[in-house]
Amino acid sequence: MTASEATLAECKQACAELIKSSSCAPLLVRLAWHDSGNYDASTGTGGANGSIRFDLEMAHGGNAGLPSALKLLAPIKDKFPDVGYADLFQLASATAIEVCGGPVIDMKYGRVDAESEAAVPVNGRLPSAGPPFQEATGPEPAAPAKDQTPTGHLRRVFGRMGLSDEAIVALSGAHTLGRAHKSRSGAAPLETTKFTKDGPGTKGGQSWTEKWLVFDNRYFTMLLEAEKGTCDPELLQLV
């Protein structure tokens, strides 16, 4: 059963207040992405069903650091029990993008929550920050891939979900928000930078953009600068 429009509106407001008070927008976007990013179009498994709340899935390597997102949303889930986990995770993410200056996303609700760990897909479907790259698809997604190029890896991950190269580029733009932490993804060579040393929120990490709580196209312009060798060396440049 889908929560009423009034309940969803109140829930969205609660999410917005949380995001503004705790500067957790990037974390909530990442939670929603990781809950949905293990979808396999060929088998209909995975996807935005709230299964990331189960310990078995949260233990997947790509989900390091995300238990804190669940803790942040727990009081909101308790306050709005009619809003399912899957809907809440996606609502919080869309609200985060809006709060950070991004577009108002036309959301659809009524996702069916996974009932148990039986719905958790096999580990290895989420993208890796760097080599060695896994197969990311098929019955053994964690197996090493023959094609170790970043392009091949991204096409396996997103192609498994039925997405095009254009969609890959568009979704990658979300890196304009947030930071990478060496202790979580291993992608960040720096523990902290002039852009992250004072927070807000948890201090440290390495961001892709200078204003990592603003949703804009800076991630793409940063990549162009990185190719030219003119990008600030304290920004995370995976090119």
# chains A, B, ... in the order shown; residues from 1 in each chain; ligands from 1
>>> residues_around(residues="region 157-159 of chain A", least_positions_apart="4", cutoff="7 Å", atoms="only C-alpha atoms", output="MDAnalysis selection string")
chainID A and resid 125:127 136:137 153 163:164 168
>>> write_last_selection(atoms="N, CA, C and O atoms", output="CSV table (one decimal), in the first residue's frame")
chain,number,residue,atom,x,y,z
A,125,ARG,N,27.7,-6.6,-7.8
A,125,ARG,CA,27.0,-5.9,-8.8
A,125,ARG,C,27.3,-4.4,-8.9
A,125,ARG,O,27.2,-3.8,-9.9
A,126,LEU,N,27.6,-3.8,-7.7
A,126,LEU,CA,27.9,-2.4,-7.7
A,126,LEU,C,29.2,-2.1,-8.3
A,126,LEU,O,30.1,-2.9,-8.4
A,127,PRO,N,29.3,-0.8,-8.9
A,127,PRO,CA,30.6,-0.5,-9.6
A,127,PRO,C,31.7,-0.3,-8.6
A,127,PRO,O,31.5,0.0,-7.4
A,136,ALA,N,30.7,-8.0,-12.6
A,136,ALA,CA,29.6,-7.1,-12.2
A,136,ALA,C,28.2,-7.6,-12.8
A,136,ALA,O,27.2,-6.9,-12.6
A,137,THR,N,28.2,-8.7,-13.4
A,137,THR,CA,27.0,-9.2,-14.0
A,137,THR,C,27.0,-10.8,-14.1
A,137,THR,O,28.1,-11.4,-13.8
A,153,HIS,N,34.0,-1.7,-17.6
A,153,HIS,CA,33.4,-2.0,-16.3
A,153,HIS,C,32.1,-1.2,-16.2
A,153,HIS,O,31.1,-1.8,-15.8
A,163,LEU,N,20.8,0.3,-19.1
A,163,LEU,CA,21.0,1.8,-19.3
A,163,LEU,C,22.1,2.0,-20.4
A,163,LEU,O,22.9,1.2,-20.6
A,164,SER,N,22.0,3.1,-21.0
A,164,SER,CA,22.8,3.5,-22.2
A,164,SER,C,24.0,4.3,-21.7
A,164,SER,O,24.2,4.7,-20.6
A,168,ILE,N,24.8,6.6,-18.4
A,168,ILE,CA,25.9,6.5,-17.5
A,168,ILE,C,26.5,7.9,-17.2
A,168,ILE,O,26.8,8.2,-16.1
>>> select_by_dssp(residues="region 50-226 of chain A", states="helix (DSSP H, G or I)", output="ChimeraX atom specification")
/A:51-53,55-58,61-63,67-79,85-99,117-119,150-160,165-176,218-226
>>> residues_around(residues="Leu73 (chain A)", least_positions_apart="3", cutoff="12 Å", atoms="only C-alpha atoms", output="PDB file with N, CA, C and O atoms, in the first residue's frame")
ATOM      1  N   CYS A  11       6.619  13.583   5.140  1.00  0.00           N
ATOM      2  CA  CYS A  11       7.860  12.819   5.200  1.00  0.00           C
ATOM      3  C   CYS A  11       8.970  13.544   4.439  1.00  0.00           C
ATOM      4  O   CYS A  11      10.115  13.616   4.908  1.00  0.00           O
ATOM      5  N   LYS A  12       8.628  14.092   3.293  1.00  0.00           N
ATOM      6  CA  LYS A  12       9.610  14.851   2.522  1.00  0.00           C
ATOM      7  C   LYS A  12      10.111  16.049   3.305  1.00  0.00           C
ATOM      8  O   LYS A  12      11.312  16.352   3.307  1.00  0.00           O
ATOM      9  N   ALA A  14      10.264  16.337   6.540  1.00  0.00           N
ATOM     10  CA  ALA A  14      11.135  15.831   7.598  1.00  0.00           C
ATOM     11  C   ALA A  14      12.521  15.499   7.047  1.00  0.00           C
ATOM     12  O   ALA A  14      13.547  15.764   7.691  1.00  0.00           O
ATOM     13  N   CYS A  15      12.559  14.931   5.847  1.00  0.00           N
ATOM     14  CA  CYS A  15      13.844  14.628   5.206  1.00  0.00           C
ATOM     15  C   CYS A  15      14.615  15.912   4.914  1.00  0.00           C
ATOM     16  O   CYS A  15      15.831  15.985   5.117  1.00  0.00           O
ATOM     17  N   ALA A  16      13.919  16.927   4.426  1.00  0.00           N
ATOM     18  CA  ALA A  16      14.559  18.198   4.108  1.00  0.00           C
ATOM     19  C   ALA A  16      15.166  18.825   5.361  1.00  0.00           C
ATOM     20  O   ALA A  16      16.291  19.352   5.334  1.00  0.00           O
ATOM     21  N   GLU A  17      14.433  18.767   6.468  1.00  0.00           N
ATOM     22  CA  GLU A  17      14.936  19.324   7.721  1.00  0.00           C
ATOM     23  C   GLU A  17      16.168  18.568   8.199  1.00  0.00           C
ATOM     24  O   GLU A  17      17.137  19.167   8.690  1.00  0.00           O
ATOM     25  N   LEU A  18      16.150  17.249   8.060  1.00  0.00           N
ATOM     26  CA  LEU A  18      17.311  16.433   8.428  1.00  0.00           C
ATOM     27  C   LEU A  18      18.525  16.807   7.591  1.00  0.00           C
ATOM     28  O   LEU A  18      19.638  16.977   8.108  1.00  0.00           O
ATOM     29  N   ILE A  19      18.317  16.931   6.301  1.00  0.00           N
ATOM     30  CA  ILE A  19      19.415  17.237   5.377  1.00  0.00           C
ATOM     31  C   ILE A  19      20.029  18.594   5.688  1.00  0.00           C
ATOM     32  O   ILE A  19      21.255  18.753   5.700  1.00  0.00           O
ATOM     33  N   SER A  22      21.989  18.398   9.187  1.00  0.00           N
ATOM     34  CA  SER A  22      23.129  17.484   9.345  1.00  0.00           C
ATOM     35  C   SER A  22      24.053  17.419   8.130  1.00  0.00           C
ATOM     36  O   SER A  22      25.043  16.682   8.157  1.00  0.00           O
ATOM     37  N   CYS A  24      23.760  15.955   5.307  1.00  0.00           N
ATOM     38  CA  CYS A  24      23.901  14.545   4.932  1.00  0.00           C
ATOM     39  C   CYS A  24      23.394  14.247   3.524  1.00  0.00           C
ATOM     40  O   CYS A  24      23.190  13.078   3.183  1.00  0.00           O
ATOM     41  N   ALA A  25      23.186  15.278   2.706  1.00  0.00           N
ATOM     42  CA  ALA A  25      22.633  15.054   1.360  1.00  0.00           C
ATOM     43  C   ALA A  25      23.411  14.006   0.565  1.00  0.00           C
ATOM     44  O   ALA A  25      22.813  13.076   0.017  1.00  0.00           O
ATOM     45  N   LEU A  27      25.253  11.548   1.484  1.00  0.00           N
ATOM     46  CA  LEU A  27      25.113  10.217   2.074  1.00  0.00           C
ATOM     47  C   LEU A  27      23.767   9.590   1.714  1.00  0.00           C
ATOM     48  O   LEU A  27      23.687   8.397   1.406  1.00  0.00           O
ATOM     49  N   LEU A  28      22.707  10.394   1.705  1.00  0.00           N
ATOM     50  CA  LEU A  28      21.381   9.872   1.390  1.00  0.00           C
ATOM     51  C   LEU A  28      21.253   9.555  -0.100  1.00  0.00           C
ATOM     52  O   LEU A  28      20.569   8.596  -0.469  1.00  0.00           O
ATOM     53  N   LEU A  31      22.969   6.228  -0.489  1.00  0.00           N
ATOM     54  CA  LEU A  31      22.147   5.132   0.021  1.00  0.00           C
ATOM     55  C   LEU A  31      21.119   4.702  -1.016  1.00  0.00           C
ATOM     56  O   LEU A  31      20.953   3.502  -1.288  1.00  0.00           O
ATOM     57  N   ALA A  32      20.428   5.661  -1.602  1.00  0.00           N
ATOM     58  CA  ALA A  32      19.402   5.343  -2.598  1.00  0.00           C
ATOM     59  C   ALA A  32      20.018   4.706  -3.835  1.00  0.00           C
ATOM     60  O   ALA A  32      19.456   3.766  -4.417  1.00  0.00           O
ATOM     61  N   ARG A  53      18.792  -2.394   3.778  1.00  0.00           N
ATOM     62  CA  ARG A  53      18.657  -2.282   5.238  1.00  0.00           C
ATOM     63  C   ARG A  53      19.045  -3.561   5.959  1.00  0.00           C
ATOM     64  O   ARG A  53      19.256  -3.551   7.182  1.00  0.00           O
ATOM     65  N   LEU A  66      27.620   3.266   4.891  1.00  0.00           N
ATOM     66  CA  LEU A  66      26.195   3.545   4.743  1.00  0.00           C
ATOM     67  C   LEU A  66      25.323   3.198   5.954  1.00  0.00           C
ATOM     68  O   LEU A  66      24.183   3.676   6.016  1.00  0.00           O
ATOM     69  N   PRO A  67      25.788   2.402   6.929  1.00  0.00           N
ATOM     70  CA  PRO A  67      24.951   2.214   8.118  1.00  0.00           C
ATOM     71  C   PRO A  67      24.551   3.526   8.781  1.00  0.00           C
ATOM     72  O   PRO A  67      23.473   3.634   9.362  1.00  0.00           O
ATOM     73  N   SER A  68      25.404   4.536   8.698  1.00  0.00           N
ATOM     74  CA  SER A  68      25.078   5.832   9.299  1.00  0.00           C
ATOM     75  C   SER A  68      23.884   6.480   8.613  1.00  0.00           C
ATOM     76  O   SER A  68      23.117   7.216   9.243  1.00  0.00           O
ATOM     77  N   ALA A  69      23.696   6.209   7.323  1.00  0.00           N
ATOM     78  CA  ALA A  69      22.537   6.752   6.612  1.00  0.00           C
ATOM     79  C   ALA A  69      21.252   6.127   7.140  1.00  0.00           C
ATOM     80  O   ALA A  69      20.229   6.809   7.308  1.00  0.00           O
ATOM     81  N   LEU A  70      21.295   4.829   7.396  1.00  0.00           N
ATOM     82  CA  LEU A  70      20.122   4.157   7.959  1.00  0.00           C
ATOM     83  C   LEU A  70      19.777   4.727   9.338  1.00  0.00           C
ATOM     84  O   LEU A  70      18.595   4.915   9.670  1.00  0.00           O
ATOM     85  N   ILE A  76      12.750   9.057  11.115  1.00  0.00           N
ATOM     86  CA  ILE A  76      11.738   9.434  10.124  1.00  0.00           C
ATOM     87  C   ILE A  76      10.893   8.220   9.754  1.00  0.00           C
ATOM     88  O   ILE A  76       9.666   8.324   9.626  1.00  0.00           O
ATOM     89  N   LYS A  77      11.524   7.070   9.602  1.00  0.00           N
ATOM     90  CA  LYS A  77      10.765   5.850   9.314  1.00  0.00           C
ATOM     91  C   LYS A  77       9.810   5.529  10.462  1.00  0.00           C
ATOM     92  O   LYS A  77       8.654   5.131  10.227  1.00  0.00           O
ATOM     93  N   ASP A  78      10.263   5.733  11.693  1.00  0.00           N
ATOM     94  CA  ASP A  78       9.401   5.478  12.847  1.00  0.00           C
ATOM     95  C   ASP A  78       8.205   6.438  12.859  1.00  0.00           C
ATOM     96  O   ASP A  78       7.092   6.047  13.245  1.00  0.00           O
ATOM     97  N   LYS A  79       8.439   7.662  12.453  1.00  0.00           N
ATOM     98  CA  LYS A  79       7.380   8.681  12.465  1.00  0.00           C
ATOM     99  C   LYS A  79       6.373   8.455  11.349  1.00  0.00           C
ATOM    100  O   LYS A  79       5.191   8.788  11.483  1.00  0.00           O
ATOM    101  N   PHE A  80       6.845   7.890  10.235  1.00  0.00           N
ATOM    102  CA  PHE A  80       5.977   7.667   9.076  1.00  0.00           C
ATOM    103  C   PHE A  80       6.005   6.183   8.683  1.00  0.00           C
ATOM    104  O   PHE A  80       6.583   5.808   7.651  1.00  0.00           O
ATOM    105  N   PRO A  81       5.417   5.320   9.487  1.00  0.00           N
ATOM    106  CA  PRO A  81       5.485   3.876   9.224  1.00  0.00           C
ATOM    107  C   PRO A  81       4.803   3.463   7.926  1.00  0.00           C
ATOM    108  O   PRO A  81       5.119   2.385   7.396  1.00  0.00           O
ATOM    109  N   VAL A  83       5.189   4.831   5.100  1.00  0.00           N
ATOM    110  CA  VAL A  83       6.144   5.011   3.999  1.00  0.00           C
ATOM    111  C   VAL A  83       7.124   3.852   4.038  1.00  0.00           C
ATOM    112  O   VAL A  83       7.849   3.675   5.017  1.00  0.00           O
ATOM    113  N   GLY A  84       7.152   3.043   2.990  1.00  0.00           N
ATOM    114  CA  GLY A  84       8.032   1.888   2.951  1.00  0.00           C
ATOM    115  C   GLY A  84       9.501   2.290   2.910  1.00  0.00           C
ATOM    116  O   GLY A  84       9.850   3.419   2.557  1.00  0.00           O
ATOM    117  N   TYR A  85      10.362   1.346   3.250  1.00  0.00           N
ATOM    118  CA  TYR A  85      11.796   1.615   3.218  1.00  0.00           C
ATOM    119  C   TYR A  85      12.268   2.011   1.818  1.00  0.00           C
ATOM    120  O   TYR A  85      13.027   2.973   1.647  1.00  0.00           O
ATOM    121  N   ALA A  86      11.843   1.275   0.814  1.00  0.00           N
ATOM    122  CA  ALA A  86      12.291   1.553  -0.548  1.00  0.00           C
ATOM    123  C   ALA A  86      11.873   2.953  -0.984  1.00  0.00           C
ATOM    124  O   ALA A  86      12.667   3.700  -1.568  1.00  0.00           O
ATOM    125  N   LEU A  88      11.120   5.447   1.041  1.00  0.00           N
ATOM    126  CA  LEU A  88      11.802   6.428   1.892  1.00  0.00           C
ATOM    127  C   LEU A  88      13.213   6.705   1.397  1.00  0.00           C
ATOM    128  O   LEU A  88      13.639   7.872   1.339  1.00  0.00           O
ATOM    129  N   PHE A  89      13.945   5.658   1.055  1.00  0.00           N
ATOM    130  CA  PHE A  89      15.324   5.857   0.593  1.00  0.00           C
ATOM    131  C   PHE A  89      15.360   6.714  -0.671  1.00  0.00           C
ATOM    132  O   PHE A  89      16.199   7.620  -0.807  1.00  0.00           O
ATOM    133  N   GLN A  90      14.450   6.454  -1.602  1.00  0.00           N
ATOM    134  CA  GLN A  90      14.442   7.223  -2.847  1.00  0.00           C
ATOM    135  C   GLN A  90      13.903   8.639  -2.615  1.00  0.00           C
ATOM    136  O   GLN A  90      14.388   9.602  -3.220  1.00  0.00           O
ATOM    137  N   LEU A  91      12.916   8.779  -1.740  1.00  0.00           N
ATOM    138  CA  LEU A  91      12.388  10.100  -1.405  1.00  0.00           C
ATOM    139  C   LEU A  91      13.463  10.961  -0.759  1.00  0.00           C
ATOM    140  O   LEU A  91      13.624  12.145  -1.099  1.00  0.00           O
ATOM    141  N   ALA A  92      14.216  10.385   0.173  1.00  0.00           N
ATOM    142  CA  ALA A  92      15.276  11.132   0.850  1.00  0.00           C
ATOM    143  C   ALA A  92      16.342  11.592  -0.143  1.00  0.00           C
ATOM    144  O   ALA A  92      16.844  12.726  -0.058  1.00  0.00           O
ATOM    145  N   SER A  93      16.673  10.733  -1.093  1.00  0.00           N
ATOM    146  CA  SER A  93      17.675  11.087  -2.103  1.00  0.00           C
ATOM    147  C   SER A  93      17.186  12.219  -2.997  1.00  0.00           C
ATOM    148  O   SER A  93      17.915  13.193  -3.252  1.00  0.00           O
TER     149      SER A  93
END
>>> closest_residue(among="A:Ala118, A:Val112, A:Leu235, A:Val29", to="Cys100 (chain A)", atoms="only C-alpha atoms")
A:Val29
>>> residues_around(residues="Pro150 (chain A)", least_positions_apart="4", cutoff="8 Å", atoms="only C-alpha atoms", output="list in words")
Gly130, Pro131, Phe133 and Leu154 of chain A
>>> residues_around(residues="region 176-179 of chain A", least_positions_apart="4", cutoff="9 Å", atoms="only C-alpha atoms", output="list in words")
Cys24, Ala25, Pro26, Leu27, Val29, Ile97, Cys100, Ser172, Ala188, Thr196, Gly204, Gly205, Gln206, Ser207, Trp208, Thr209, Glu210, Lys211, Trp212, Leu213, Val214, Phe215, Asp216, Asn217, Arg218, Tyr219, Phe220 and Leu236 of chain A
